[in-house]
Structures are given as C-alpha cells and as structure tokens.
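J.: Contents of my_file_21.txt (compact mmCIF, C-alpha atoms) are given next:
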# COMPACT_ATOMS: atom_id res chain seq x y z
CA MET A 1 -8.06 29.22 -4.99
CA LEU A 2 -9.83 27.19 -7.69
CA ALA A 3 -11.34 30.38 -9.09
CA PHE A 4 -7.87 31.45 -10.21
CA VAL A 5 -6.98 28.13 -11.81
CA SER A 6 -6.88 28.52 -15.59
CA LEU A 7 -7.25 25.87 -18.23
CA ALA A 8 -3.54 26.24 -18.88
CA ASP A 9 -2.81 25.47 -15.22
CA ILE A 10 -5.02 22.37 -15.39
CA GLY A 11 -3.28 21.26 -18.56
CA ASP A 12 0.17 21.80 -17.04
CA SER A 13 -0.85 19.85 -13.92
CA LEU A 14 -2.18 16.90 -15.88
CA ARG A 15 0.91 16.90 -18.09
CA GLU A 16 3.13 16.85 -15.00
CA ALA A 17 1.08 13.94 -13.63
CA PHE A 18 1.47 12.03 -16.89
CA TYR A 19 5.24 12.50 -16.95
CA MET A 20 5.44 11.21 -13.36
CA PHE A 21 3.46 8.17 -14.47
CA TRP A 22 5.66 7.66 -17.54
CA ALA A 23 8.83 7.87 -15.44
CA THR A 24 7.62 5.06 -13.17
CA LEU A 25 5.58 2.89 -15.55
CA TRP A 26 8.15 0.13 -16.07
CA ALA A 27 8.84 0.01 -12.33
CA LEU A 28 5.15 -0.40 -11.53
CA ILE A 29 4.78 -3.27 -14.01
CA LEU A 30 7.92 -5.01 -12.73
CA GLY A 31 6.91 -4.67 -9.11
CA PHE A 32 3.33 -5.82 -9.56
CA THR A 33 4.40 -8.75 -11.75
CA LEU A 34 6.93 -9.99 -9.18
CA SER A 35 4.42 -9.46 -6.37
CA GLY A 36 1.77 -11.47 -8.24
CA ALA A 37 4.16 -14.36 -8.78
CA VAL A 38 5.10 -14.53 -5.10
CA GLN A 39 1.47 -14.32 -3.99
CA ALA A 40 0.56 -17.25 -6.22
CA PHE A 41 3.34 -19.55 -5.06
CA VAL A 42 3.57 -18.72 -1.33
CA SER A 43 0.89 -20.36 0.83
CA LYS A 44 -1.23 -17.96 2.84
CA GLN A 45 -2.42 -20.86 5.00
CA HIS A 46 1.14 -21.23 6.23
CA MET A 47 1.13 -17.55 7.19
CA GLN A 48 -1.87 -18.05 9.42
CA ARG A 49 -0.35 -20.96 11.32
CA VAL A 50 2.91 -19.32 12.32
CA MET A 51 1.83 -15.95 13.74
CA GLY A 52 0.08 -16.84 16.98
CA ASP A 53 2.25 -14.56 19.16
CA HIS A 54 4.52 -11.54 18.75
CA ARG A 55 7.82 -13.08 19.78
CA ALA A 56 10.83 -12.62 17.52
CA PRO A 57 10.29 -15.69 15.26
CA ALA A 58 6.65 -14.74 14.61
CA VAL A 59 7.64 -11.12 13.94
CA VAL A 60 10.26 -12.22 11.41
CA ARG A 61 7.80 -14.55 9.68
CA ALA A 62 5.05 -11.89 9.59
CA SER A 63 7.52 -9.39 8.13
CA PHE A 64 8.64 -11.82 5.43
CA PHE A 65 5.11 -12.80 4.46
CA GLY A 66 4.13 -9.13 4.36
CA MET A 67 7.09 -8.34 2.11
CA VAL A 68 5.96 -10.89 -0.45
CA SER A 69 2.31 -9.86 -0.45
CA SER A 70 0.42 -7.09 -2.18
CA SER A 71 1.33 -3.46 -1.51
CA CYS A 72 -2.31 -2.35 -1.60
CA SER A 73 -3.18 -0.76 1.74
CA TYR A 74 -6.75 -1.97 1.55
CA ALA A 75 -5.74 -5.52 0.65
CA ALA A 76 -3.14 -5.52 3.45
CA THR A 77 -5.78 -4.34 5.91
CA ALA A 78 -8.23 -7.04 4.86
CA MET A 79 -5.53 -9.72 5.01
CA ALA A 80 -4.36 -8.59 8.46
CA LYS A 81 -7.95 -8.76 9.69
CA SER A 82 -8.27 -12.25 8.25
CA LEU A 83 -5.04 -13.38 9.94
CA PHE A 84 -6.20 -11.95 13.27
CA ARG A 85 -9.62 -13.54 12.95
CA LYS A 86 -8.05 -16.92 12.23
CA GLY A 87 -5.84 -16.88 15.31
CA ALA A 88 -2.86 -14.62 14.63
CA ASP A 89 -1.73 -12.31 17.42
CA PHE A 90 -3.10 -8.79 16.84
CA THR A 91 0.30 -7.09 17.04
CA THR A 92 1.78 -9.64 14.64
CA ALA A 93 -1.10 -9.09 12.22
CA MET A 94 -0.37 -5.34 12.31
CA ILE A 95 3.32 -6.07 11.70
CA PHE A 96 2.28 -8.06 8.64
CA MET A 97 0.35 -4.97 7.50
CA PHE A 98 3.37 -2.70 8.06
CA ALA A 99 5.62 -5.00 6.05
CA SER A 100 3.01 -5.44 3.32
CA THR A 101 2.87 -1.69 2.67
CA ASN A 102 6.44 -0.61 3.41
CA LEU A 103 8.81 -3.43 2.46
CA VAL A 104 7.34 -4.58 -0.87
CA ILE A 105 9.27 -4.64 -4.11
CA GLU A 106 7.22 -2.25 -6.23
CA LEU A 107 7.27 0.54 -3.65
CA GLY A 108 11.06 0.51 -3.44
CA ILE A 109 11.42 0.50 -7.22
CA VAL A 110 9.01 3.41 -7.71
CA LEU A 111 10.71 5.43 -4.96
CA TRP A 112 14.11 4.82 -6.52
CA VAL A 113 12.97 5.85 -9.99
CA LEU A 114 10.88 8.87 -9.02
CA MET A 115 12.77 10.26 -6.00
CA GLY A 116 16.21 8.65 -5.77
CA TRP A 117 18.00 5.77 -4.09
CA GLN A 118 18.10 7.51 -0.71
CA PHE A 119 14.31 7.42 -0.45
CA ALA A 120 14.12 3.77 -1.46
CA VAL A 121 16.74 2.77 1.12
CA ALA A 122 15.11 4.99 3.75
CA GLU A 123 11.77 3.30 3.13
CA TYR A 124 13.19 -0.14 3.90
CA ILE A 125 15.25 1.03 6.89
CA GLY A 126 12.27 2.90 8.29
CA GLY A 127 9.99 -0.07 7.67
CA VAL A 128 12.27 -2.27 9.78
CA ILE A 129 12.38 0.38 12.51
CA MET A 130 8.59 0.59 12.62
CA ILE A 131 8.26 -3.18 12.84
CA VAL A 132 10.77 -3.42 15.70
CA VAL A 133 9.10 -0.59 17.64
CA LEU A 134 5.63 -2.07 17.13
CA ALA A 135 6.85 -5.50 18.24
CA LEU A 136 8.30 -3.97 21.42
CA ILE A 137 5.30 -1.86 22.44
CA GLY A 138 2.42 -3.74 20.81
CA GLY A 139 1.75 -6.01 23.76
CA PHE A 140 1.39 -3.00 26.08
CA VAL A 141 -0.77 -0.90 23.74
CA PHE A 142 -2.94 -3.65 22.25
CA THR A 143 -3.74 -5.58 25.43
CA ASN A 144 -5.43 -8.98 25.46
CA ARG A 145 -8.59 -7.44 26.89
CA ILE A 146 -9.10 -4.92 24.10
CA THR A 147 -8.05 -7.27 21.30
CA LYS A 148 -10.31 -10.00 22.70
CA ASP A 149 -13.27 -7.63 22.32
CA ALA A 150 -12.15 -6.82 18.77
CA ARG A 151 -11.85 -10.51 17.87
CA ALA A 152 -15.37 -11.08 19.16
CA ARG A 153 -16.64 -8.56 16.60
CA LEU A 154 -15.38 -10.69 13.74
CA GLU A 155 -17.11 -13.77 12.43
CA PRO A 156 -15.42 -17.14 12.96
CA ALA A 157 -13.17 -18.22 10.14
CA GLY A 158 -14.13 -20.90 7.71
CA ASP A 159 -12.24 -24.14 7.18
CA GLU A 160 -8.66 -23.91 6.05
CA HIS A 161 -7.50 -25.66 2.90
CA GLU A 162 -3.93 -26.29 1.91
CA HIS A 163 -2.94 -25.97 -1.72
CA THR A 164 0.34 -26.58 -3.43
CA VAL A 165 1.11 -25.07 -6.82
CA SER A 166 4.06 -25.99 -8.99
CA ILE A 167 6.07 -23.04 -10.23
CA THR A 168 6.33 -24.80 -13.58
CA SER A 169 2.57 -25.15 -14.09
CA LYS A 170 0.68 -22.95 -16.54
CA ALA A 171 -2.22 -22.76 -14.07
CA GLY A 172 0.12 -21.39 -11.39
CA TRP A 173 1.42 -18.65 -13.67
CA ALA A 174 -2.12 -17.86 -14.76
CA ASP A 175 -2.96 -17.40 -11.06
CA ALA A 176 0.10 -15.18 -10.66
CA ALA A 177 -0.99 -13.06 -13.63
CA THR A 178 -4.46 -12.73 -12.17
CA TYR A 179 -2.97 -11.59 -8.87
CA THR A 180 -1.02 -8.93 -10.75
CA VAL A 181 -4.07 -7.70 -12.65
CA SER A 182 -6.17 -7.77 -9.48
CA ASP A 183 -3.61 -5.69 -7.60
CA VAL A 184 -3.53 -3.15 -10.42
CA ASN A 185 -7.33 -3.01 -10.45
CA MET A 186 -7.43 -2.46 -6.70
CA LEU A 187 -4.85 0.30 -6.88
CA ARG A 188 -5.91 2.08 -10.05
CA ARG A 189 -8.02 4.67 -8.23
CA GLU A 190 -5.30 5.34 -5.67
CA LEU A 191 -2.63 5.56 -8.35
CA LEU A 192 -4.75 7.91 -10.46
CA ILE A 193 -5.50 10.16 -7.50
CA GLY A 194 -1.87 10.06 -6.38
CA TYR A 195 -0.43 11.12 -9.74
CA VAL A 196 -3.11 13.75 -10.44
CA VAL A 197 -2.90 15.30 -6.96
CA ALA A 198 0.89 15.33 -7.17
CA GLY A 199 0.73 17.01 -10.58
CA PHE A 200 -1.56 19.75 -9.28
CA LEU A 201 0.54 20.22 -6.15
CA ALA A 202 3.72 20.54 -8.19
CA VAL A 203 2.24 23.11 -10.58
CA LEU A 204 -0.28 25.10 -8.57
CA VAL A 205 1.05 25.30 -5.01
CA PRO A 206 3.76 27.97 -4.73
CA MET A 207 7.01 27.08 -3.03
CA GLU A 208 6.33 29.85 -0.51
CA TRP A 209 3.17 28.09 0.68
CA TRP A 210 5.05 24.87 1.47
CA ASN A 211 7.78 26.88 3.14
CA LYS A 212 5.16 28.35 5.49
CA LEU A 213 3.54 24.99 6.22
CA PHE A 214 6.82 23.19 6.88
CA VAL A 215 9.13 25.00 9.25
CA GLN A 216 12.64 25.35 7.85
CA GLY A 217 16.02 26.51 9.08
CA HIS A 218 15.67 25.44 12.72
CA GLY A 219 17.65 22.21 12.72
CA PHE A 220 16.15 19.49 14.90
CA TRP A 221 12.93 21.47 15.48
CA THR A 222 12.35 21.66 11.73
CA THR A 223 12.63 17.89 11.43
CA LEU A 224 10.41 17.34 14.47
CA GLN A 225 7.63 19.57 13.11
CA ASN A 226 7.86 18.05 9.64
CA ILE A 227 7.70 14.43 10.80
CA ILE A 228 4.58 15.25 12.85
CA ILE A 229 2.83 17.13 10.03
CA GLY A 230 3.77 14.60 7.31
CA PRO A 231 1.44 11.79 8.45
CA LEU A 232 -1.44 14.27 8.99
CA ILE A 233 -1.22 15.29 5.33
CA ALA A 234 -1.53 11.59 4.45
CA VAL A 235 -4.68 11.31 6.61
CA ILE A 236 -6.51 14.06 4.75
CA SER A 237 -5.11 13.30 1.27
CA PHE A 238 -6.99 9.95 1.01
CA VAL A 239 -4.08 8.61 -1.08
CA CYS A 240 -2.63 5.26 -0.02
CA SER A 241 -0.15 2.64 -1.10
CA VAL A 242 2.10 3.24 -4.12
CA GLY A 243 -0.19 6.12 -5.08
CA ASN A 244 1.29 8.37 -2.39
CA VAL A 245 4.82 8.24 -3.85
CA PRO A 246 4.22 10.87 -6.57
CA MET A 247 2.58 13.10 -3.96
CA ALA A 248 5.60 12.55 -1.71
CA ALA A 249 7.77 13.71 -4.62
CA ALA A 250 5.68 16.87 -4.86
CA LEU A 251 6.02 17.49 -1.11
CA TRP A 252 9.79 16.99 -1.31
CA HIS A 253 9.90 19.41 -4.22
CA GLY A 254 7.92 21.86 -2.09
CA GLY A 255 10.25 21.94 0.90
CA ILE A 256 9.34 19.23 3.43
CA SER A 257 12.33 17.72 5.25
CA PHE A 258 13.75 14.29 4.40
CA GLY A 259 12.35 12.75 7.57
CA GLY A 260 9.02 14.48 7.01
CA VAL A 261 8.54 13.07 3.52
CA ILE A 262 9.51 9.59 4.74
CA SER A 263 6.96 9.78 7.55
CA PHE A 264 4.36 10.86 4.99
CA ILE A 265 5.10 7.80 2.85
CA PHE A 266 4.81 5.54 5.90
CA ALA A 267 1.39 6.98 6.75
CA ASP A 268 -0.55 5.24 3.97
CA LEU A 269 -2.10 3.02 6.68
CA ILE A 270 -3.82 5.88 8.51
CA THR A 271 -5.62 7.63 5.65
CA PHE A 272 -9.18 8.58 6.52
CA PRO A 273 -10.88 5.79 4.48
CA LEU A 274 -8.74 3.16 6.22
CA LEU A 275 -9.58 4.60 9.64
CA LEU A 276 -13.23 3.99 8.79
CA VAL A 277 -12.36 0.40 7.82
CA TYR A 278 -10.55 -0.14 11.14
CA ARG A 279 -13.57 1.20 13.01
CA LYS A 280 -15.80 -1.29 11.22
CA TYR A 281 -13.45 -4.20 11.86
CA TYR A 282 -12.22 -3.54 15.38
CA GLY A 283 -14.45 -0.88 16.95
CA LEU A 284 -13.85 2.78 17.77
CA ARG A 285 -11.73 2.19 20.87
CA LEU A 286 -9.11 -0.01 19.19
CA THR A 287 -9.17 2.20 16.07
CA ALA A 288 -8.23 5.22 18.18
CA ARG A 289 -5.30 3.28 19.63
CA LEU A 290 -4.25 2.18 16.16
CA PHE A 291 -4.31 5.74 14.83
CA PHE A 292 -2.28 7.35 17.61
CA THR A 293 0.14 4.42 17.87
CA PHE A 294 0.73 4.28 14.10
CA TRP A 295 1.11 8.08 13.90
CA ALA A 296 3.70 8.07 16.70
CA ILE A 297 5.62 5.12 15.21
CA MET A 298 5.61 6.61 11.69
CA SER A 299 6.82 9.98 12.96
CA LEU A 300 9.49 8.31 15.11
CA ALA A 301 10.67 6.23 12.14
CA GLY A 302 10.93 9.35 9.97
CA LEU A 303 13.00 11.05 12.67
CA ALA A 304 15.24 8.00 13.11
CA VAL A 305 15.79 7.61 9.37
CA GLU A 306 16.82 11.24 8.96
CA GLY A 307 19.17 10.86 11.92
CA VAL A 308 20.81 7.76 10.42
CA PHE A 309 21.23 9.38 7.01
CA ALA A 310 22.57 12.59 8.58
CA LEU A 311 25.12 10.54 10.52
CA PHE A 312 26.51 9.17 7.25
CA GLY A 313 26.08 12.42 5.31
CA ALA A 314 23.58 10.78 2.98
CA VAL A 315 20.58 13.11 3.35
CA PRO A 316 19.78 14.32 -0.20
CA ALA A 317 20.48 18.02 -0.54
CA SER A 318 19.09 18.83 -3.98
CA ARG A 319 15.47 19.60 -4.73
CA PRO A 320 15.12 19.62 -8.52
CA GLU A 321 13.03 22.36 -10.08
CA ALA A 322 11.13 19.75 -12.07
CA ILE A 323 10.02 16.53 -10.41
CA VAL A 324 10.31 14.63 -13.70
CA PRO A 325 11.47 15.57 -17.23
CA GLU A 326 8.75 17.55 -19.00
CA HIS A 327 8.95 15.68 -22.28
CA ILE A 328 9.36 12.11 -23.49
CA THR A 329 12.73 11.31 -24.99
CA TRP A 330 14.29 8.19 -26.43
CA ASN A 331 16.20 7.05 -23.36
CA TYR A 332 16.40 4.05 -21.05
CA THR A 333 13.02 4.91 -19.49
CA THR A 334 11.26 4.79 -22.84
CA VAL A 335 12.98 1.51 -23.79
CA LEU A 336 12.12 -0.10 -20.45
CA ASN A 337 8.51 1.11 -20.69
CA ILE A 338 8.13 -0.49 -24.11
CA ILE A 339 9.63 -3.78 -22.89
CA PHE A 340 7.49 -3.93 -19.77
CA LEU A 341 4.32 -2.92 -21.59
CA ALA A 342 4.93 -6.04 -23.70
CA VAL A 343 5.43 -8.03 -20.47
CA PHE A 344 2.17 -6.65 -19.11
CA GLY A 345 0.46 -7.70 -22.34
CA VAL A 346 1.57 -11.28 -21.63
CA VAL A 347 0.33 -10.95 -18.05
CA LEU A 348 -3.09 -9.80 -19.28
CA TRP A 349 -3.23 -12.73 -21.70
CA LEU A 350 -2.36 -15.23 -18.97
CA ALA A 351 -4.99 -13.75 -16.66
CA HIS A 352 -7.57 -13.91 -19.44
CA THR A 353 -6.81 -17.58 -20.10
CA ARG A 354 -6.82 -18.59 -16.41
CA LYS A 355 -9.77 -20.97 -16.72
CA GLN A 356 -8.42 -22.53 -19.90
CA ALA A 357 -5.15 -23.12 -18.03
CA GLY A 358 -7.00 -25.31 -15.55
CA SER A 359 -7.03 -22.93 -12.58
CA ASP A 360 -10.23 -23.06 -10.54
CA ARG A 361 -8.66 -22.24 -7.19
CA PHE A 362 -9.32 -18.50 -7.24
CA ALA A 363 -12.18 -16.13 -7.97
CA ILE A 364 -12.36 -12.37 -8.47
CA ASP A 365 -14.20 -10.22 -5.94
CA PRO A 366 -16.68 -8.26 -8.11
CA MET A 367 -16.62 -5.23 -5.79
CA CYS A 368 -12.91 -4.47 -5.34
CA GLY A 369 -11.34 -6.64 -8.05
CA MET A 370 -9.15 -8.56 -5.60
CA GLN A 371 -8.26 -12.16 -6.38
CA VAL A 372 -9.70 -14.42 -3.67
CA GLU A 373 -8.69 -17.97 -2.80
CA LYS A 374 -12.04 -19.74 -2.61
CA GLY A 375 -11.08 -21.88 0.37
CA ASN A 376 -10.28 -18.76 2.41
CA ALA A 377 -12.88 -16.32 1.08
CA ALA A 378 -14.57 -14.18 3.73
CA ALA A 379 -18.01 -14.84 2.19
CA HIS A 380 -19.70 -16.11 -0.90
CA VAL A 381 -23.19 -15.95 -2.38
CA ILE A 382 -25.00 -17.60 -5.28
CA GLN A 383 -26.37 -15.14 -7.82
CA ASP A 384 -28.36 -16.39 -10.80
CA GLY A 385 -26.93 -19.85 -10.22
CA GLU A 386 -23.33 -18.56 -10.22
CA ASP A 387 -20.97 -18.60 -7.22
CA VAL A 388 -19.67 -15.16 -6.24
CA TRP A 389 -16.72 -14.95 -3.81
CA PHE A 390 -15.61 -12.01 -1.67
CA CYS A 391 -12.32 -10.98 -0.04
CA SER A 392 -14.06 -9.28 2.90
CA ASP A 393 -17.42 -9.04 4.60
CA ASP A 394 -17.56 -5.37 3.61
CA CYS A 395 -17.39 -6.24 -0.10
CA ALA A 396 -20.09 -8.89 0.36
CA GLU A 397 -22.36 -6.44 2.17
CA ARG A 398 -21.90 -3.77 -0.51
CA PHE A 399 -22.61 -6.32 -3.24
CA LEU A 400 -25.79 -7.49 -1.53
CA ARG A 401 -26.95 -3.93 -0.93
CA GLU A 402 -26.44 -2.99 -4.59
CA HIS A 403 -28.05 -6.20 -5.84
CA THR A 404 -31.04 -5.72 -3.53
CA THR A 405 -31.44 -2.16 -4.78
CA ARG A 406 -31.49 -3.35 -8.37
CA LEU A 407 -34.10 -6.00 -7.56
CA SER A 408 -36.33 -3.49 -5.79
If you convert what's in this file into structure tokens, what do you get?
T.:
Amino acid sequence: MLAFVSLADIGDSLREAFYMFWATLWALILGFTLSGAVQAFVSKQHMQRVMGDHRAPAVVRASFFGMVSSSCSYAATAMAKSLFRKGADFTTAMIFMFASTNLVIELGIVLWVLMGWQFAVAEYIGGVIMIVVLALIGGFVFTNRITKDARARLEPAGDEHEHTVSITSKAGWADAATYTVSDVNMLRRELLIGYVVAGFLAVLVPMEWWNKLFVQGHGFWTTLQNIIIGPLIAVISFVCSVGNVPMAAALWHGGISFGGVISFIFADLITFPLLLVYRKYYGLRLTARLFFTFWAIMSLAGLAVEGVFALFGAVPASRPEAIVPEHITWNYTTVLNIIFLAVFGVVLWLAHTRKQAGSDRFAIDPMCGMQVEKGNAAAHVIQDGEDVWFCSDDCAERFLREHTTRLS
C-alpha cells in the first residue's frame, strides 16, 4: 500500500492532521491547565486512605479523584499501581484508572470540539457505565487470591507525607503549571501519533475499505460487530489517551457505528504498550484477566451508550466529508487559539519559575517528564550529587540502565 503513496498524499495527510490539531488546540490547553490546577491542590495522600474496598463510597471517591487527575493513560496506570501498592483495593484502583482516562475535562472538551456534543456526552455516560459494571463484577473477577499475588510483586510503599497548599500561593500555582507542562510532555508522543495516524487514515484509506471492515446495514448485529472490533483497533494502534480522539474521528468518518467508535475511545487502557506495563506490574495471569475484562466492559459500554442514544433519537446521523475545515479562517476557533496560546505562555513561565516561587515539593521524572511528589516518589537516586526522583520503578530502571551504559 505504501508503494502507491505519493508525496502529495503524504502532504494532504499531514495537512489534515494539522487542521485537526488546530481545531482542538484551545481545548487541549484549557483541559490540561484545569487538570494541572486540580492535581496541585487536591491531596493524593487522601486518595490513598479512602479506597481500601470497592463498596459504593470508595467507588464514588475513586471516580471523583480519577476525574480530577491526569488523562494520560500511562500516568493513570502508574498512579493506580501506586494506590494498589499502598493499600487500595485492586478493583477500586482500576476504577480510579477508568475515571482518570474517561471522565476528565480535557477529553470531553476535545471530543465536543472535534466530533460533536453527542460524543462528549456519550463518553461521560459510558464512563459511568463502565465504572458501575466494574464495581459490580470486580470482586468476582479480581479475587483476593490473585490480587494478593500481584501485590506481593510490588515493593512496599514508602512513608506517606501530608501536604497542604494554599490556592492563593504563587508556589501552588507554579506547581499547577508544572503539572500541566508535565502532562503535555507525557502525552506529546501520543498526541502526535494520534493526529498523524488520523490524518493518514482520513486521506489514504478509502471509504469502501472501512465499509468492509465494519459491517453495516444489519441493525443490532452491525452495532455488535463494531463494538467488538473497535477496542481491537485500539490495541494495535498504540495510541492512548486524548491522542486517540482524532483517530476516532477518522474511524467515524470511515463508517464505524456510534457505539463502535465510543468503544474504541474507551479502549485507550488496553493498547499493546499498556498491556506490557500491566504484565510487568501484576504478572501475566492478572494481565490476561484485565485485558478480557476491560475489553468486555468497553464493548458493553459502547453497546449501552448507543442503545440509550437511540432510545432518545440522539445518535448522530451525519458523517461529514471533511473531518475538520481544510483551511484556517478568522473565526472563534482562531480567536480562542490565540487567547489560550497566551495562557499557555503564562503556564510555561510559571513552570519555569517554580523554584523561584519557593516550591520544592515536586521533582520532574527525567525519563517520562511526569511531575513527582517527592514524598510519594516510587524511587530516587543520587547522580553527580543531585537527587533524581522517579514516578515509577520502570522509569528508575530505564534511567539506571541508560546511565550505566554511558558509564561503560
């Protein structure tokens, strides 16, 4: 197929990707900025103390704390592992992960801007459905015996430290800005891949090809096939978090059903790289259960969402020929982009002046760019007399391997 791709096709694909990015730029900045502020002023230590079971109060708390955390799938996975290691119930930790990647602000905003309000609303409704289903079946699927073995694989947690930050302090807002920048750094590869892949899919893949992949015109059986195939595309696409929204737009443009595209968006937690992370954290046996359970729940949620929207006649019927406008015009999107680029400039300045603002509570993981609270860091080493802090054992191991290679 690549042999027949011309330079013009490549140019058209990259241009399509850029216009998708331009259409959602202000939404990304707004979402990440709000997310960074909430992460800085909401105590993660409190999260860890209130999720020791998967009864209704713990489920509600885990969902709320997930909603106000980062949307990065990798960060959510590392945080869920940390919560589980420090005493949270395994099912509740997974619920936190679901909420962290499906109920966050920036995801809803980007979906609304790029695909329409129905998709944004469907994301939140489906996220709630997935959480409820996981809470109901989690205790039967993730039994104490198998999760006990998984917990034994993880190192004991370090000491907990409580911190309080005033919302009026410059140091607190500098921390919030650093969270925002860290989240963007963590997601930049996923976002780049997501927009570029979506651009190529929109330009190069004929509508007939999607029509053959996704069964159409058979009512319920069409939806059923689409919601099963949707998550599998996510597994092999390697695109997670907010980065899979532009690809979802390309799939919707190509003919996948409403429920199918929703199940695809949900499936950012079972991409192949994350399955490898789960295997490292929890072992192959629990990873297999996670994959099949998540796949079933995500497909079920996509089916339920389409059913609810069909009941109210709200399933979107139009599939625009162009995913986004193919030129930049002086409209509300351009104005909002200019305003929020200025906001992001302020965020970058605050993050740059974090130390001058008196904030010494956080450090930046040199491997993934994530902001780490020093009191809760997974590991730390001293390199050339400097303290280096890590968000996960995996980042620490990669850092040590690379540093050892350089020394040798």
J.: From the set A:Phe200, A:Phe292, A:Phe390, A:Phe309, which residue has the shortest atom-to-atom contact distance to A:Glu16, counting all atoms listed in the file?
T.: A:Phe200
J.: What separation in Å, quoted to one decimal, exists between atom CA of A:Arg285 and atom CA of A:Leu400?
T.: 28.2 Å
J.: Considering all atoms listed in the file, return as a ChimeraX atom specification whatever protein or nucleic-acid residues lie within 12 Å of A:Val141, sequence-local ones (same chain, fewer than 5 positions apart) excluded.
T.: /A:90-91,133-136,146-147,285-294
J.: Given only C-alpha atoms, how would the per-residue table for stretch 246-304 of chain A near stretch 92-113 of chain A read, listing every residue at most 8 Å away with its closest atom pair and distance in Å to one decimal, sorted by chain and number, as a Markdown table?
T.:
| residue | atom | partner | partner_atom | distance |
| --- | --- | --- | --- | --- |
| A:Phe266 | CA | A:Asn102 | CA | 6.8 |
| A:Asp268 | CA | A:Thr101 | CA | 7.8 |
| A:Leu269 | CA | A:Thr101 | CA | 7.9 |
J.: Out of A:Met298, A:Leu28, A:Val381, A:Ala8, which residue has the shortest atom-to-atom distance to A:Val184 when counting all atoms listed in the file?
T.: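 Closest to A:Val184 of all the choices is A:Leu28.
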J.: Nearest to A:Ser6: which of A:Gly313, A:Val203, A:Leu350, A:Arg319 is it, counting only C-alpha atoms?
T.: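 Nearest to A:Ser6: A:Val203.
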J.: Find the spatial neighbours of A:Ala304, counting only C-alpha atoms, within a cut-off of 12 Å - ignore same-chain residues fewer than 6 positions away - and output them as a ChimeraX atom specification.
T.: /A:122-123,125-130,133,220,223-224,227,258-260,262-263,297-298,310-311
J.: Mind giving me the straight-line distance from atom CA of A:Val197 to atom CA of A:Ser182 in Å, one decimal?
T.: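 Separation between atom CA of A:Val197 and atom CA of A:Ser182: 23.4 Å.
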J.: Ranking A:Val261, A:Val59, A:Ile229, A:Ala78 by minimum distance to A:Phe119 and counting all atoms listed in the file, which one comes first?
T.: A:Val261
J.: Identify which of the residues A:Ser69, A:Asp149, A:Ser63, A:Thr77 lies closest to A:Leu275, counting all atoms listed in the file when measuring atom-to-atom distances.
T.: A:Thr77
J.: Please measure the separation of atom CA of A:Ala56 and atom CA of A:Ala120, giving the value in Å to one decimal.
T.: 25.3 Å
J.: Within 10 Å of A:Thr178, counting all atoms listed in the file, which residues qualify if same-chain residues fewer than 6 places away don't, as number ranges by chain?
T.: A: 33, 36-37, 40, 172, 184, 347-354, 362-364, 370-371
J.: Contacts of A:Glu397 at 10 Å or less, counting all atoms listed in the file, minus same-chain residues fewer than 6 places along, as a list in words?
T.: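 Final neighbour list, sorted by chain and number: Met367, Ala379, Phe390 and His403 of chain A.
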J.: How would the residues just picked look written out with C-alpha atoms as a compact mmCIF listing (two decimals), in the coordinates of the input?
T.:
# COMPACT_ATOMS: atom_id res chain seq x y z
CA MET A 367 -16.62 -5.23 -5.79
CA ALA A 379 -18.01 -14.84 2.19
CA PHE A 390 -15.61 -12.01 -1.67
CA HIS A 403 -28.05 -6.20 -5.84
J.: Give the answer as one residue: which of A:Leu83, A:Val372, A:Ile328, A:Ala88 has the shortest atom-to-atom distance to A:Cys395, using all atoms listed in the file?
T.: A:Val372
J.: Please check which residues have atoms at most 9 Å from (6.9, 10.9, -9.6) in the file's coordinates, counting all atoms listed in the file, and write them as a list in words.
T.: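 Residues close enough to count: Glu16, Ala17, Tyr19, Met20, Phe21, Trp22, Ala23, Thr24, Val110, Leu111, Val113, Leu114, Met115, Tyr195, Ala198, Gly199, Val245, Pro246, Met247, Ala248, Ala249, Ala250, Ile323 and Val324 of chain A.
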